[in-house]
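Worksheet for the structure shown next.
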Amino acid sequence: PEFPELQFVVTNGVTGQDNISSIKIDYYELGYVACSLACEMTKTGKIGIVQGELIPILMDSEAACRQALESDHCGKDVELFTVATGSWEDVAKAREASLALIADGVDVLWQNLDTADAGVFSAAEDKGVFAIGQYVIQSNLGPKAYIGSPAGSPTTLVYEAACGNVPKGEIVYMGVNTPNGVDVIMSDLVPPETQEKLRGVIEDMRSGKIEVIKTR
């Protein structure tokens with residue numbers, strides 16, 4: 001209120017009032033995409049999520065992940081395990097959590113971390129299991145483990161805000177039907193037929209054939 005002529009934009013926020021706006025990646029859709037890929041690639045029927053803290057947007061992702069695992073296109077029983085390490089940056093904690101999940105039979109890991117993501121990929125690489133990144137291509141962290149990422153970068157959010165595409169006082173969501181919004185990236189470790197199936201899932205999300213249910 002001290003600067004009424006300025007527009008303040010919060011990334012991944014949920015506040016919209018007066019001169020404060022929010023622009024947010026649809027974390028439900030990110031979770032649905034990531035776990036659709038995990039379902040296709042798991043052989044043990046156990047997948048895991050390693051994250052920093054149980055914040056609301058990651059709880060959204062987990063809810064949608066479970067929806068994807070129960071979907072017809074998944075078509076098999078897959079158990080989900082989640083661990084919050086308490087740190088977004090502690091590589092050792094992320095690696096330790098990942099190794100514990102792998103010891104319990106998890107063969108596909110997804111990470112919701114900052115620089116601690118290196119610990120997840122390190123564990124996956126060492127133990128010969130798969131890892132899913134976040135937002136962008138992350139094969140540099142584990143070329144033998146990395147199978148893909150749900151795409152949707154916070155960088156794009158900042159760019160859209162700077163271009164004036166966030167109305168003052170509103171909350172704007174970026175999803176599968178937003179330019180440069182939610183999509184899927186896959187590495188060559190994913191078989192071509194699986195890649196085709198995952199692109200079909202994205203198209204079904206865009207057309208509304210697949211409805212990702214939001215729980216809040």
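The chains in the structure tokens are called A, B, ... from first to last as shown; in each chain the residues are counted from 1, and the ligands are counted from 1 in the order shown.
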*asked:* Give me, as a PyMOL selection string, all polymer residues having an atom no more than 12 Å from A:Ala100, counting only C-alpha atoms and skipping those fewer than 3 positions away in the same chain.
replied: chain A and resi 48-50+81-83+85+93-97+103-107+109+120+123-124+127
| said: Would you pick out the contacts of A:Trp110 at 9 Å or less, using only C-alpha atoms, so that residues sharing its chain but fewer than 3 positions from it are not included, and give the list as a list in words? | reply: Ala34, Cys35, Ala38, Ile47, Gly48, Ile49, Val50, Gln51, Val120, Phe130, Ala131, Ile132, Gly133, Gln134 and Ser149 of chain A
Deliver the residues from the most recent selection as a file, using C-alpha atoms, as a JSON list (two decimals), in the first residue's frame.
[["chain", "number", "residue", "atom", "x", "y", "z"],
["A", 34, "ALA", "CA", 5.80, -36.65, -13.44],
["A", 35, "CYS", "CA", 3.96, -39.63, -11.99],
["A", 38, "ALA", "CA", 7.10, -42.77, -13.30],
["A", 47, "ILE", "CA", 8.14, -44.78, -6.82],
["A", 48, "GLY", "CA", 9.35, -42.07, -4.46],
["A", 49, "ILE", "CA", 9.29, -38.28, -4.10],
["A", 50, "VAL", "CA", 12.10, -36.50, -2.26],
["A", 51, "GLN", "CA", 11.25, -32.92, -1.36],
["A", 120, "VAL", "CA", 18.83, -37.60, -5.60],
["A", 130, "PHE", "CA", 15.68, -43.83, -12.63],
["A", 131, "ALA", "CA", 15.27, -40.20, -11.57],
["A", 132, "ILE", "CA", 12.85, -37.52, -12.75],
["A", 133, "GLY", "CA", 13.84, -33.87, -12.64],
["A", 134, "GLN", "CA", 11.83, -30.70, -12.25],
["A", 149, "SER", "CA", 11.02, -33.76, -16.23]]
Closest contacts (stretch 7-58 of chain A/stretch 167-190 of chain A, max 9 Å, only C-alpha atoms) as a tab-separated table:
residue	atom	partner	partner_atom	distance
A:Gln7	CA	A:Lys168	CA	6.5
A:Phe8	CA	A:Lys168	CA	8.3
A:Val9	CA	A:Lys168	CA	8.5
A:Asn12	CA	A:Tyr173	CA	8.8
A:Gly13	CA	A:Ile171	CA	8.0
A:Val14	CA	A:Ile171	CA	6.5
A:Thr15	CA	A:Ile171	CA	6.6
A:Gly16	CA	A:Gly169	CA	4.6
A:Gln17	CA	A:Gly169	CA	4.3
A:Asp18	CA	A:Gly169	CA	4.9
A:Asn19	CA	A:Gly169	CA	5.3
A:Ile20	CA	A:Gly169	CA	5.1
A:Ser21	CA	A:Gly169	CA	4.6
A:Ser22	CA	A:Ile171	CA	4.6
A:Ile23	CA	A:Val172	CA	4.7
A:Lys24	CA	A:Tyr173	CA	4.9
A:Ile25	CA	A:Met174	CA	4.7
A:Asp26	CA	A:Gly175	CA	5.2
A:Tyr27	CA	A:Gly175	CA	8.5
A:Glu29	CA	A:Gly175	CA	6.8
A:Leu30	CA	A:Val182	CA	6.6
A:Val33	CA	A:Val184	CA	6.8
A:Ala34	CA	A:Val184	CA	8.0
A:Leu37	CA	A:Met186	CA	8.8
A:Met41	CA	A:Val190	CA	7.7
Put those residues in a file: C-alpha atoms, as a PDB file, in the first residue's frame.
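As written to disk, out.pdb reads:
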ATOM      1  CA  GLN A   7       2.671  -3.752  -9.303  1.00  0.00           C
ATOM      2  CA  PHE A   8       4.145  -6.474  -7.120  1.00  0.00           C
ATOM      3  CA  VAL A   9       4.122 -10.008  -8.545  1.00  0.00           C
ATOM      4  CA  ASN A  12       4.073 -19.431  -7.177  1.00  0.00           C
ATOM      5  CA  GLY A  13       1.970 -17.399  -4.780  1.00  0.00           C
ATOM      6  CA  VAL A  14      -1.751 -17.530  -4.059  1.00  0.00           C
ATOM      7  CA  THR A  15      -2.414 -13.860  -3.264  1.00  0.00           C
ATOM      8  CA  GLY A  16      -4.272 -11.437  -5.504  1.00  0.00           C
ATOM      9  CA  GLN A  17      -5.342  -8.045  -4.199  1.00  0.00           C
ATOM     10  CA  ASP A  18      -4.957  -4.362  -5.096  1.00  0.00           C
ATOM     11  CA  ASN A  19      -1.432  -3.994  -6.542  1.00  0.00           C
ATOM     12  CA  ILE A  20      -0.278  -7.511  -5.583  1.00  0.00           C
ATOM     13  CA  SER A  21      -0.582 -10.262  -8.190  1.00  0.00           C
ATOM     14  CA  SER A  22       0.522 -13.880  -8.305  1.00  0.00           C
ATOM     15  CA  ILE A  23       1.631 -16.089 -11.159  1.00  0.00           C
ATOM     16  CA  LYS A  24       1.777 -19.774 -10.413  1.00  0.00           C
ATOM     17  CA  ILE A  25       2.761 -22.971 -12.186  1.00  0.00           C
ATOM     18  CA  ASP A  26       0.006 -25.572 -11.953  1.00  0.00           C
ATOM     19  CA  TYR A  27       1.695 -27.981  -9.564  1.00  0.00           C
ATOM     20  CA  GLU A  29      -0.406 -30.799 -13.508  1.00  0.00           C
ATOM     21  CA  LEU A  30       3.336 -31.073 -12.801  1.00  0.00           C
ATOM     22  CA  VAL A  33       2.871 -35.515 -15.608  1.00  0.00           C
ATOM     23  CA  ALA A  34       5.798 -36.652 -13.439  1.00  0.00           C
ATOM     24  CA  LEU A  37       6.102 -40.992 -16.514  1.00  0.00           C
ATOM     25  CA  MET A  41       9.088 -46.629 -16.121  1.00  0.00           C
TER      26      MET A  41
END
Atom CA of A:Gly152 sits from atom CA of A:Ile57 at a separation of 13.7 Å
- Message: Please determine, counting only C-alpha atoms, which residue among A:Tyr28, A:Glu160, A:Gly208, A:Ala116 has the shortest atom-to-atom distance to A:Pro56.
- Response: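 Comparing A:Tyr28, A:Glu160, A:Gly208, A:Ala116 against A:Pro56, the winner is A:Tyr28.
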TODO: Could you tell me, as a ChimeraX atom specification, which residues of stretch 30-113 of chain A DSSP assigns to strand (DSSP E) when given the backbone?
DONE: /A:46-51,79-84,108-112
Closest of A:Glu40, A:Glu211, A:Glu196, A:Glu5 to A:Lys76, counting only C-alpha atoms, is A:Glu40
* Mind the document's chain letters and residue numbers, and return as number ranges by chain the residues of stretch 57-189 of chain A that DSSP labels alpha helix (DSSP H). => A: 57-69, 91-103, 117-127, 154-162
So that I can see what lies close to A:Leu141, please list as a ChimeraX atom specification the residues with an atom at most 8 Å from it, counting only C-alpha atoms and leaving out residues fewer than 4 positions away in the same chain.
/A:118,121-122,146
Keeping C-alpha atoms, export the residues of the selection given above as a CSV table (one decimal), in the first residue's frame.
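Below is the file that was written, again.csv:
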chain,number,residue,atom,x,y,z
A,118,ALA,CA,22.1,-33.4,-7.0
A,121,PHE,CA,20.5,-38.0,-9.0
A,122,SER,CA,23.7,-39.2,-7.3
A,146,TYR,CA,17.6,-39.1,-15.8
If I take atom CA of A:Gly45 and atom CA of A:Val78, how far is one from the other in Å, to one decimal?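 Distance reported for this atom pair: 4.4 Å.
Proximity to A:Gln195 was assessed for A:Ser36, A:Gln67, A:Tyr135, A:Leu157 counting only C-alpha atoms; the smallest distance is recorded for A:Ser36.
Of the listed residues A:Thr42, A:Asn112, A:Ala145, A:Ile102, the one whose atoms come nearest to A:Leu58 is A:Asn112, with distances taken using only C-alpha atoms.
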